[in-house]
Amino acid sequence: MQHADILHWLRQHDPERLRPLWRRADRVRRTHVGDAVHLRGLLEISNHCTRRCAYCGLRAPNRSLPRYRMTADEILDACHTAVAFGYGTVVMQAGEDDGIGTPWLADLIREIKAATPLAVTLSLGERPDADLAAWRHAGADRYLLRFETSDRALYERIHPPRPGTRSDRIAILHTLARLGYEAGGGVMIGIPGQTYHTLADDILLFRTLDLDMIGVGPYIPHPHTPLAPQADTPHPDQVPHSSALMACKVLALTRILCPLTNLPSTTAVATVDGAQGHELGLQRGANVIMPNITPIQYSALYQIYPSKASSRETAEQTRATVRRRILALGRTIATGRGDSLNRLRRLAAAPT
Ligand code: SAH
């Protein structure tokens, strides 16, 4: 599929004409990664953040948000819950929090790996190469770092660097792969200033980067951030925000271009379409769901965007809903860690 084909599908809004795209993505998904859905327990370990990203409610200047950081014991408890729930992976996500010390987290990763069979995924933002290496050495398996948009000018507008540095998430994705992590990238869909054209570039970049995991979700405006969507008539090539349909198109195209990648039906899709967001994602290319296992008093404060799906549900309730939805689609729930088949293919192809 070329840029022009991707653009054609991204601009297609007619439900009848979109059917062949959904069918093709679902077929590619079944052929390459099968019917089993992998469950990853999402643990939001801290909402402290030093950055000023224009889109994110955790941004440092948002003084209205009470901040928390989970203790090592709380995190270990949640990992045991993940095991009891049958999840194969724990995903530890946070704002960019310098209070998450490098040796502290390395020790915690070692403890989790010693006490449980879980795969450990980190999603902690842009950390120095030495931190990423230390955590990999301690046993971390995967790292998620969305590049948000491949439009460099737009990226710089919405994602100011740490003072005196340049933010280059694509370079970090290369570092992660070199360190032996399963590397995950992704974008938001409908950022003010993002065009269909650059969104098609993003999808092609997923393939070029040969990512093992790709997370995509609608951009959802947060009232305590400066990135409000333009109130007047937007540019005709502007991608709409908060759209489950747009997110599904990107999911489907991503599955077709990256058949072996692990692709979650994300919480953001479930947030903009509470009734059927997760199901639509699973039927249009996704093979992963990340049910939240964060204790509810913390989850309610992890407000990257407003009214996050599941922020008012307990981990038990989320587990029950997610299982019911997967089984109702005739899909199965995977057991085990759900390692990336894409990475296995790459390792098998590498010269020895
Ligand atoms: N601090 C980490 C984890 C951030 S939260 C990091 O920066 O990588 C994970 C993802 O949530 C971000 O990468 C971004 O794509 C998404 N996100 C943040 N704000 C959002 C918003 N307002 N709407 C939709 N997605 C958002």
# chains A, B, ... in the order shown; residues from 1 in each chain; ligands from 1

$ residues_around --residues "Asp14 in chain A" --least-positions-apart "6" --cutoff "12 Å" --atoms "only C-alpha atoms" --output "PyMOL selection string"
chain A and resi 8+20-21+245-246+249

$ residues_near_ligand --ligand "ligand 1" --cutoff "6 Å" --atoms "only C-alpha atoms and all ligand atoms" --output "PyMOL selection string"
chain A and resi 55-56+93-96+123-125+145-146+148+187-188+218-222+304-305

$ residues_around --residues "Val33 in chain A" --least-positions-apart "3" --cutoff "12 Å" --atoms "only C-alpha atoms" --output "short mmCIF file (atom, residue, chain, number, x, y, z; two decimals) with C-alpha atoms, in the first residue's frame"
data_model
loop_
_atom_site.label_atom_id
_atom_site.label_comp_id
_atom_site.auth_asym_id
_atom_site.auth_seq_id
_atom_site.Cartn_x
_atom_site.Cartn_y
_atom_site.Cartn_z
CA ALA A 25 -7.47 -5.60 8.24
CA ASP A 26 -9.39 -8.29 10.12
CA ARG A 27 -8.20 -10.96 7.68
CA VAL A 28 -4.56 -9.87 7.95
CA ARG A 29 -4.87 -9.82 11.75
CA ARG A 30 -6.30 -13.36 11.86
CA ALA A 36 -6.13 -14.68 20.74
CA VAL A 37 -6.19 -11.29 22.46
CA HIS A 38 -3.24 -10.50 24.74
CA ARG A 255 -2.36 -3.80 10.66
CA ILE A 256 -2.23 -4.12 6.86
CA CYS A 258 2.68 -4.11 9.79
CA PRO A 259 1.02 -7.55 9.88
CA LEU A 260 3.04 -9.05 12.76
CA THR A 261 3.06 -6.11 15.14
CA ASN A 262 1.21 -6.13 18.47
CA LEU A 263 -1.55 -3.56 18.16
CA GLY A 285 -6.87 -4.89 13.37
CA ALA A 286 -6.12 -4.91 17.11
CA ASN A 287 -4.90 -8.01 19.00
CA VAL A 288 -4.09 -6.50 22.42
CA ALA A 334 -4.30 -15.43 25.26
CA GLY A 338 2.43 -12.46 24.21
CA ASP A 339 5.89 -11.61 22.92
CA SER A 340 6.12 -9.80 19.60
CA LEU A 341 6.07 -12.12 16.60
CA ASN A 342 7.59 -9.26 14.66
#

$ residues_around --residues "Ser243 in chain A" --least-positions-apart "6" --cutoff "8 Å" --atoms "only C-alpha atoms" --output "count of residues only"
4

$ select_by_dssp --residues "range 183-282 of chain A" --states "strand (DSSP E or B)" --output "number ranges by chain"
A: 183-189, 195, 213-218, 238, 262, 264

$ write_last_selection --atoms "N, CA, C and O atoms" --output "PDB file, in the first residue's frame"
ATOM      1  N   ALA A 183      10.311  -2.696  20.930  1.00  0.00           N
ATOM      2  CA  ALA A 183      10.094  -1.251  20.921  1.00  0.00           C
ATOM      3  C   ALA A 183       8.711  -0.931  20.366  1.00  0.00           C
ATOM      4  O   ALA A 183       8.298  -1.483  19.349  1.00  0.00           O
ATOM      5  N   GLY A 184       8.017  -0.032  21.071  1.00  0.00           N
ATOM      6  CA  GLY A 184       6.678   0.366  20.639  1.00  0.00           C
ATOM      7  C   GLY A 184       6.597   1.854  20.397  1.00  0.00           C
ATOM      8  O   GLY A 184       7.024   2.655  21.231  1.00  0.00           O
ATOM      9  N   GLY A 185       6.060   2.240  19.247  1.00  0.00           N
ATOM     10  CA  GLY A 185       5.845   3.653  18.941  1.00  0.00           C
ATOM     11  C   GLY A 185       4.365   3.905  18.748  1.00  0.00           C
ATOM     12  O   GLY A 185       3.532   3.057  19.072  1.00  0.00           O
ATOM     13  N   GLY A 186       4.046   5.079  18.218  1.00  0.00           N
ATOM     14  CA  GLY A 186       2.640   5.366  17.966  1.00  0.00           C
ATOM     15  C   GLY A 186       2.395   6.850  17.860  1.00  0.00           C
ATOM     16  O   GLY A 186       3.327   7.654  18.019  1.00  0.00           O
ATOM     17  N   VAL A 187       1.154   7.185  17.576  1.00  0.00           N
ATOM     18  CA  VAL A 187       0.790   8.594  17.373  1.00  0.00           C
ATOM     19  C   VAL A 187      -0.591   8.867  17.967  1.00  0.00           C
ATOM     20  O   VAL A 187      -1.356   7.944  18.238  1.00  0.00           O
ATOM     21  N   MET A 188      -0.875  10.174  18.137  1.00  0.00           N
ATOM     22  CA  MET A 188      -2.243  10.620  18.426  1.00  0.00           C
ATOM     23  C   MET A 188      -2.864  11.039  17.095  1.00  0.00           C
ATOM     24  O   MET A 188      -2.171  11.502  16.184  1.00  0.00           O
ATOM     25  N   ILE A 189      -4.167  10.907  17.037  1.00  0.00           N
ATOM     26  CA  ILE A 189      -4.881  11.149  15.774  1.00  0.00           C
ATOM     27  C   ILE A 189      -5.831  12.332  15.955  1.00  0.00           C
ATOM     28  O   ILE A 189      -6.724  12.288  16.806  1.00  0.00           O
ATOM     29  N   THR A 195      -2.404  16.938   9.512  1.00  0.00           N
ATOM     30  CA  THR A 195      -3.173  16.756   8.278  1.00  0.00           C
ATOM     31  C   THR A 195      -3.231  15.276   7.897  1.00  0.00           C
ATOM     32  O   THR A 195      -2.436  14.464   8.376  1.00  0.00           O
ATOM     33  N   MET A 213       5.477  -3.003  18.536  1.00  0.00           N
ATOM     34  CA  MET A 213       4.180  -2.628  19.092  1.00  0.00           C
ATOM     35  C   MET A 213       3.862  -1.233  18.571  1.00  0.00           C
ATOM     36  O   MET A 213       4.772  -0.406  18.429  1.00  0.00           O
ATOM     37  N   ILE A 214       2.590  -0.995  18.303  1.00  0.00           N
ATOM     38  CA  ILE A 214       2.195   0.326  17.813  1.00  0.00           C
ATOM     39  C   ILE A 214       0.900   0.723  18.513  1.00  0.00           C
ATOM     40  O   ILE A 214      -0.100   0.002  18.451  1.00  0.00           O
ATOM     41  N   GLY A 215       0.945   1.852  19.217  1.00  0.00           N
ATOM     42  CA  GLY A 215      -0.241   2.338  19.930  1.00  0.00           C
ATOM     43  C   GLY A 215      -0.757   3.595  19.266  1.00  0.00           C
ATOM     44  O   GLY A 215      -0.015   4.566  19.110  1.00  0.00           O
ATOM     45  N   VAL A 216      -2.003   3.563  18.840  1.00  0.00           N
ATOM     46  CA  VAL A 216      -2.594   4.764  18.238  1.00  0.00           C
ATOM     47  C   VAL A 216      -3.925   5.043  18.927  1.00  0.00           C
ATOM     48  O   VAL A 216      -4.625   4.130  19.332  1.00  0.00           O
ATOM     49  N   GLY A 217      -4.246   6.325  19.069  1.00  0.00           N
ATOM     50  CA  GLY A 217      -5.526   6.663  19.688  1.00  0.00           C
ATOM     51  C   GLY A 217      -5.903   8.077  19.319  1.00  0.00           C
ATOM     52  O   GLY A 217      -5.045   8.874  18.920  1.00  0.00           O
ATOM     53  N   PRO A 218      -7.200   8.394  19.450  1.00  0.00           N
ATOM     54  CA  PRO A 218      -7.629   9.752  19.129  1.00  0.00           C
ATOM     55  C   PRO A 218      -7.037  10.764  20.095  1.00  0.00           C
ATOM     56  O   PRO A 218      -6.893  10.467  21.289  1.00  0.00           O
ATOM     57  N   GLN A 238      -7.335  19.091   7.895  1.00  0.00           N
ATOM     58  CA  GLN A 238      -7.162  18.789   9.334  1.00  0.00           C
ATOM     59  C   GLN A 238      -7.860  17.468   9.680  1.00  0.00           C
ATOM     60  O   GLN A 238      -9.033  17.278   9.379  1.00  0.00           O
ATOM     61  N   ASN A 262       2.240  -6.095  17.443  1.00  0.00           N
ATOM     62  CA  ASN A 262       1.209  -6.129  18.474  1.00  0.00           C
ATOM     63  C   ASN A 262       0.531  -4.768  18.519  1.00  0.00           C
ATOM     64  O   ASN A 262       1.194  -3.742  18.676  1.00  0.00           O
ATOM     65  N   PRO A 264      -2.629  -2.634  20.159  1.00  0.00           N
ATOM     66  CA  PRO A 264      -3.736  -2.570  21.119  1.00  0.00           C
ATOM     67  C   PRO A 264      -4.933  -1.773  20.615  1.00  0.00           C
ATOM     68  O   PRO A 264      -4.779  -0.827  19.851  1.00  0.00           O
TER      69      PRO A 264
END

$ atom_distance --atom1 "CA of Leu280 in chain A" --atom2 "CA of Ser265 in chain A"
8.2 Å

$ closest_atom_pairs --of "range 157-246 of chain A" --to "range 62-70 of chain A" --cutoff "12 Å" --atoms "only C-alpha atoms" --output "JSON lines"
{"residue": "A:His222", "atom": "CA", "partner": "A:Asn62", "partner_atom": "CA", "distance": 10.7}
{"residue": "A:Pro223", "atom": "CA", "partner": "A:Asn62", "partner_atom": "CA", "distance": 10.2}
{"residue": "A:His224", "atom": "CA", "partner": "A:Asn62", "partner_atom": "CA", "distance": 6.5}
{"residue": "A:Thr225", "atom": "CA", "partner": "A:Asn62", "partner_atom": "CA", "distance": 7.5}
{"residue": "A:Pro226", "atom": "CA", "partner": "A:Asn62", "partner_atom": "CA", "distance": 10.2}

$ write_last_selection --atoms "N, CA and C atoms" --output "PDB file, in the first residue's frame"
ATOM      1  N   HIS A 222      -7.781  18.408  26.365  1.00  0.00           N
ATOM      2  CA  HIS A 222      -7.854  18.512  27.828  1.00  0.00           C
ATOM      3  C   HIS A 222      -7.995  19.991  28.173  1.00  0.00           C
ATOM      4  N   PRO A 223      -8.998  20.347  28.995  1.00  0.00           N
ATOM      5  CA  PRO A 223      -9.258  21.774  29.237  1.00  0.00           C
ATOM      6  C   PRO A 223      -8.114  22.506  29.941  1.00  0.00           C
ATOM      7  N   HIS A 224      -7.259  21.778  30.682  1.00  0.00           N
ATOM      8  CA  HIS A 224      -6.168  22.466  31.376  1.00  0.00           C
ATOM      9  C   HIS A 224      -4.858  22.406  30.605  1.00  0.00           C
ATOM     10  N   THR A 225      -4.969  22.377  29.280  1.00  0.00           N
ATOM     11  CA  THR A 225      -3.777  22.409  28.431  1.00  0.00           C
ATOM     12  C   THR A 225      -3.954  23.510  27.386  1.00  0.00           C
ATOM     13  N   PRO A 226      -2.848  23.985  26.824  1.00  0.00           N
ATOM     14  CA  PRO A 226      -2.969  25.073  25.843  1.00  0.00           C
ATOM     15  C   PRO A 226      -3.383  24.606  24.450  1.00  0.00           C
TER      16      PRO A 226
END

$ select_by_dssp --residues "range 200-348 of chain A" --states "helix (DSSP H, G or I)" --output "PyMOL selection string"
chain A and resi 200-209+244-257+267-272+277-283+296-299+315-328+341-348

$ closest_residue --among "A:Leu199, A:Ala300, A:Ile293, A:Leu347" --to "Ile6 in chain A" --atoms "only C-alpha atoms"
A:Leu199

$ residues_around --residues "Asp97 in chain A" --least-positions-apart "3" --cutoff "7 Å" --atoms "only C-alpha atoms" --output "NGL selection string"
:A and (48-50 or 100)

$ write_last_selection --atoms "N, CA, C and O atoms" --output "PDB file, in the first residue's frame"
ATOM      1  N   HIS A  48       3.505  12.499  38.300  1.00  0.00           N
ATOM      2  CA  HIS A  48       4.435  13.639  38.298  1.00  0.00           C
ATOM      3  C   HIS A  48       5.027  13.775  36.900  1.00  0.00           C
ATOM      4  O   HIS A  48       5.289  12.771  36.237  1.00  0.00           O
ATOM      5  N   CYS A  49       5.249  15.007  36.460  1.00  0.00           N
ATOM      6  CA  CYS A  49       5.875  15.187  35.141  1.00  0.00           C
ATOM      7  C   CYS A  49       6.629  16.496  35.091  1.00  0.00           C
ATOM      8  O   CYS A  49       6.132  17.531  35.539  1.00  0.00           O
ATOM      9  N   THR A  50       7.847  16.426  34.524  1.00  0.00           N
ATOM     10  CA  THR A  50       8.658  17.645  34.412  1.00  0.00           C
ATOM     11  C   THR A  50       8.425  18.355  33.080  1.00  0.00           C
ATOM     12  O   THR A  50       8.943  19.455  32.885  1.00  0.00           O
ATOM     13  N   ILE A 100      11.357   8.977  39.763  1.00  0.00           N
ATOM     14  CA  ILE A 100      11.524   7.537  39.530  1.00  0.00           C
ATOM     15  C   ILE A 100      13.023   7.315  39.297  1.00  0.00           C
ATOM     16  O   ILE A 100      13.538   7.528  38.201  1.00  0.00           O
TER      17      ILE A 100
END

$ atom_distance --atom1 "CA of Glu74 in chain A" --atom2 "CA of Asp129 in chain A"
27.1 Å

$ residues_around --residues "Asp237 in chain A" --least-positions-apart "4" --cutoff "10 Å" --atoms "only C-alpha atoms" --output "number ranges by chain"
A: 11, 193-198

$ decode --residues "range 186-233 of chain A" --atoms "N, CA and C atoms" --output "compact mmCIF listing (two decimals), in the first residue's frame"
# COMPACT_ATOMS: atom_id res chain seq x y z
N GLY A 186 4.05 5.08 18.22
CA GLY A 186 2.64 5.37 17.97
C GLY A 186 2.39 6.85 17.86
N VAL A 187 1.15 7.19 17.58
CA VAL A 187 0.79 8.59 17.37
C VAL A 187 -0.59 8.87 17.97
N MET A 188 -0.87 10.17 18.14
CA MET A 188 -2.24 10.62 18.43
C MET A 188 -2.86 11.04 17.09
N ILE A 189 -4.17 10.91 17.04
CA ILE A 189 -4.88 11.15 15.77
C ILE A 189 -5.83 12.33 15.95
N GLY A 190 -5.58 13.39 15.17
CA GLY A 190 -6.42 14.57 15.26
C GLY A 190 -5.82 15.69 16.10
N ILE A 191 -4.48 15.71 16.20
CA ILE A 191 -3.80 16.82 16.87
C ILE A 191 -4.08 18.09 16.05
N PRO A 192 -4.42 19.23 16.70
CA PRO A 192 -4.62 20.46 15.92
C PRO A 192 -3.37 20.76 15.07
N GLY A 193 -3.57 20.90 13.76
CA GLY A 193 -2.45 21.13 12.85
C GLY A 193 -1.99 19.85 12.15
N GLN A 194 -2.52 18.68 12.52
CA GLN A 194 -2.13 17.42 11.88
C GLN A 194 -3.03 17.19 10.65
N THR A 195 -2.40 16.94 9.51
CA THR A 195 -3.17 16.76 8.28
C THR A 195 -3.23 15.28 7.90
N TYR A 196 -4.18 14.95 7.02
CA TYR A 196 -4.28 13.58 6.52
C TYR A 196 -2.95 13.16 5.89
N HIS A 197 -2.32 14.12 5.22
CA HIS A 197 -1.07 13.83 4.53
C HIS A 197 0.01 13.36 5.52
N THR A 198 0.16 14.10 6.63
CA THR A 198 1.22 13.69 7.58
C THR A 198 0.81 12.42 8.34
N LEU A 199 -0.50 12.22 8.52
CA LEU A 199 -0.94 10.98 9.18
C LEU A 199 -0.58 9.77 8.30
N ALA A 200 -0.71 9.94 6.99
CA ALA A 200 -0.29 8.85 6.08
C ALA A 200 1.23 8.63 6.20
N ASP A 201 1.99 9.72 6.34
CA ASP A 201 3.45 9.59 6.56
C ASP A 201 3.72 8.80 7.85
N ASP A 202 2.94 9.09 8.90
CA ASP A 202 3.14 8.41 10.20
C ASP A 202 3.00 6.89 10.01
N ILE A 203 1.95 6.49 9.29
CA ILE A 203 1.67 5.06 9.13
C ILE A 203 2.81 4.39 8.34
N LEU A 204 3.31 5.09 7.32
CA LEU A 204 4.44 4.53 6.57
C LEU A 204 5.69 4.44 7.44
N LEU A 205 5.84 5.41 8.36
CA LEU A 205 7.01 5.38 9.25
C LEU A 205 6.93 4.20 10.22
N PHE A 206 5.73 3.80 10.62
CA PHE A 206 5.62 2.61 11.48
C PHE A 206 6.33 1.43 10.81
N ARG A 207 6.09 1.31 9.50
CA ARG A 207 6.68 0.17 8.79
C ARG A 207 8.19 0.33 8.67
N THR A 208 8.63 1.54 8.32
CA THR A 208 10.07 1.76 8.17
C THR A 208 10.81 1.46 9.48
N LEU A 209 10.21 1.85 10.60
CA LEU A 209 10.87 1.65 11.89
C LEU A 209 10.80 0.19 12.34
N ASP A 210 9.98 -0.61 11.67
CA ASP A 210 9.86 -2.04 12.00
C ASP A 210 9.51 -2.23 13.48
N LEU A 211 8.45 -1.54 13.92
CA LEU A 211 8.10 -1.53 15.34
C LEU A 211 7.45 -2.85 15.76
N ASP A 212 7.72 -3.25 17.01
CA ASP A 212 7.13 -4.48 17.55
C ASP A 212 5.75 -4.24 18.13
N MET A 213 5.48 -3.00 18.54
CA MET A 213 4.18 -2.63 19.09
C MET A 213 3.86 -1.23 18.57
N ILE A 214 2.59 -1.00 18.30
CA ILE A 214 2.20 0.33 17.81
C ILE A 214 0.90 0.72 18.51
N GLY A 215 0.94 1.85 19.22
CA GLY A 215 -0.24 2.34 19.93
C GLY A 215 -0.76 3.60 19.27
N VAL A 216 -2.00 3.56 18.84
CA VAL A 216 -2.59 4.76 18.24
C VAL A 216 -3.92 5.04 18.93
N GLY A 217 -4.25 6.33 19.07
CA GLY A 217 -5.53 6.66 19.69
C GLY A 217 -5.90 8.08 19.32
N PRO A 218 -7.20 8.39 19.45
CA PRO A 218 -7.63 9.75 19.13
C PRO A 218 -7.04 10.76 20.10
N TYR A 219 -6.67 11.94 19.59
CA TYR A 219 -6.33 13.05 20.47
C TYR A 219 -7.63 13.57 21.10
N ILE A 220 -7.61 13.69 22.44
CA ILE A 220 -8.79 14.16 23.18
C ILE A 220 -8.39 15.45 23.90
N PRO A 221 -8.97 16.59 23.53
CA PRO A 221 -8.54 17.85 24.14
C PRO A 221 -8.75 17.85 25.65
N HIS A 222 -7.78 18.41 26.36
CA HIS A 222 -7.85 18.51 27.83
C HIS A 222 -8.00 19.99 28.17
N PRO A 223 -9.00 20.35 29.00
CA PRO A 223 -9.26 21.77 29.24
C PRO A 223 -8.11 22.51 29.94
N HIS A 224 -7.26 21.78 30.68
CA HIS A 224 -6.17 22.47 31.38
C HIS A 224 -4.86 22.41 30.61
N THR A 225 -4.97 22.38 29.28
CA THR A 225 -3.78 22.41 28.43
C THR A 225 -3.95 23.51 27.39
N PRO A 226 -2.85 23.99 26.82
CA PRO A 226 -2.97 25.07 25.84
C PRO A 226 -3.38 24.61 24.45
N LEU A 227 -3.43 23.30 24.21
CA LEU A 227 -3.67 22.82 22.84
C LEU A 227 -5.16 22.63 22.59
N ALA A 228 -5.89 23.74 22.56
CA ALA A 228 -7.32 23.63 22.27
C ALA A 228 -7.50 23.52 20.76
N PRO A 229 -8.47 22.71 20.30
CA PRO A 229 -8.70 22.67 18.86
C PRO A 229 -9.17 24.04 18.37
N GLN A 230 -8.81 24.41 17.13
CA GLN A 230 -9.22 25.70 16.62
C GLN A 230 -10.74 25.77 16.57
N ALA A 231 -11.29 26.83 17.17
CA ALA A 231 -12.74 26.97 17.25
C ALA A 231 -13.33 27.34 15.89
N ASP A 232 -12.60 28.15 15.11
CA ASP A 232 -13.13 28.55 13.80
C ASP A 232 -12.99 27.38 12.81
N THR A 233 -13.34 27.61 11.57
CA THR A 233 -13.32 26.54 10.58
C THR A 233 -11.92 25.98 10.43
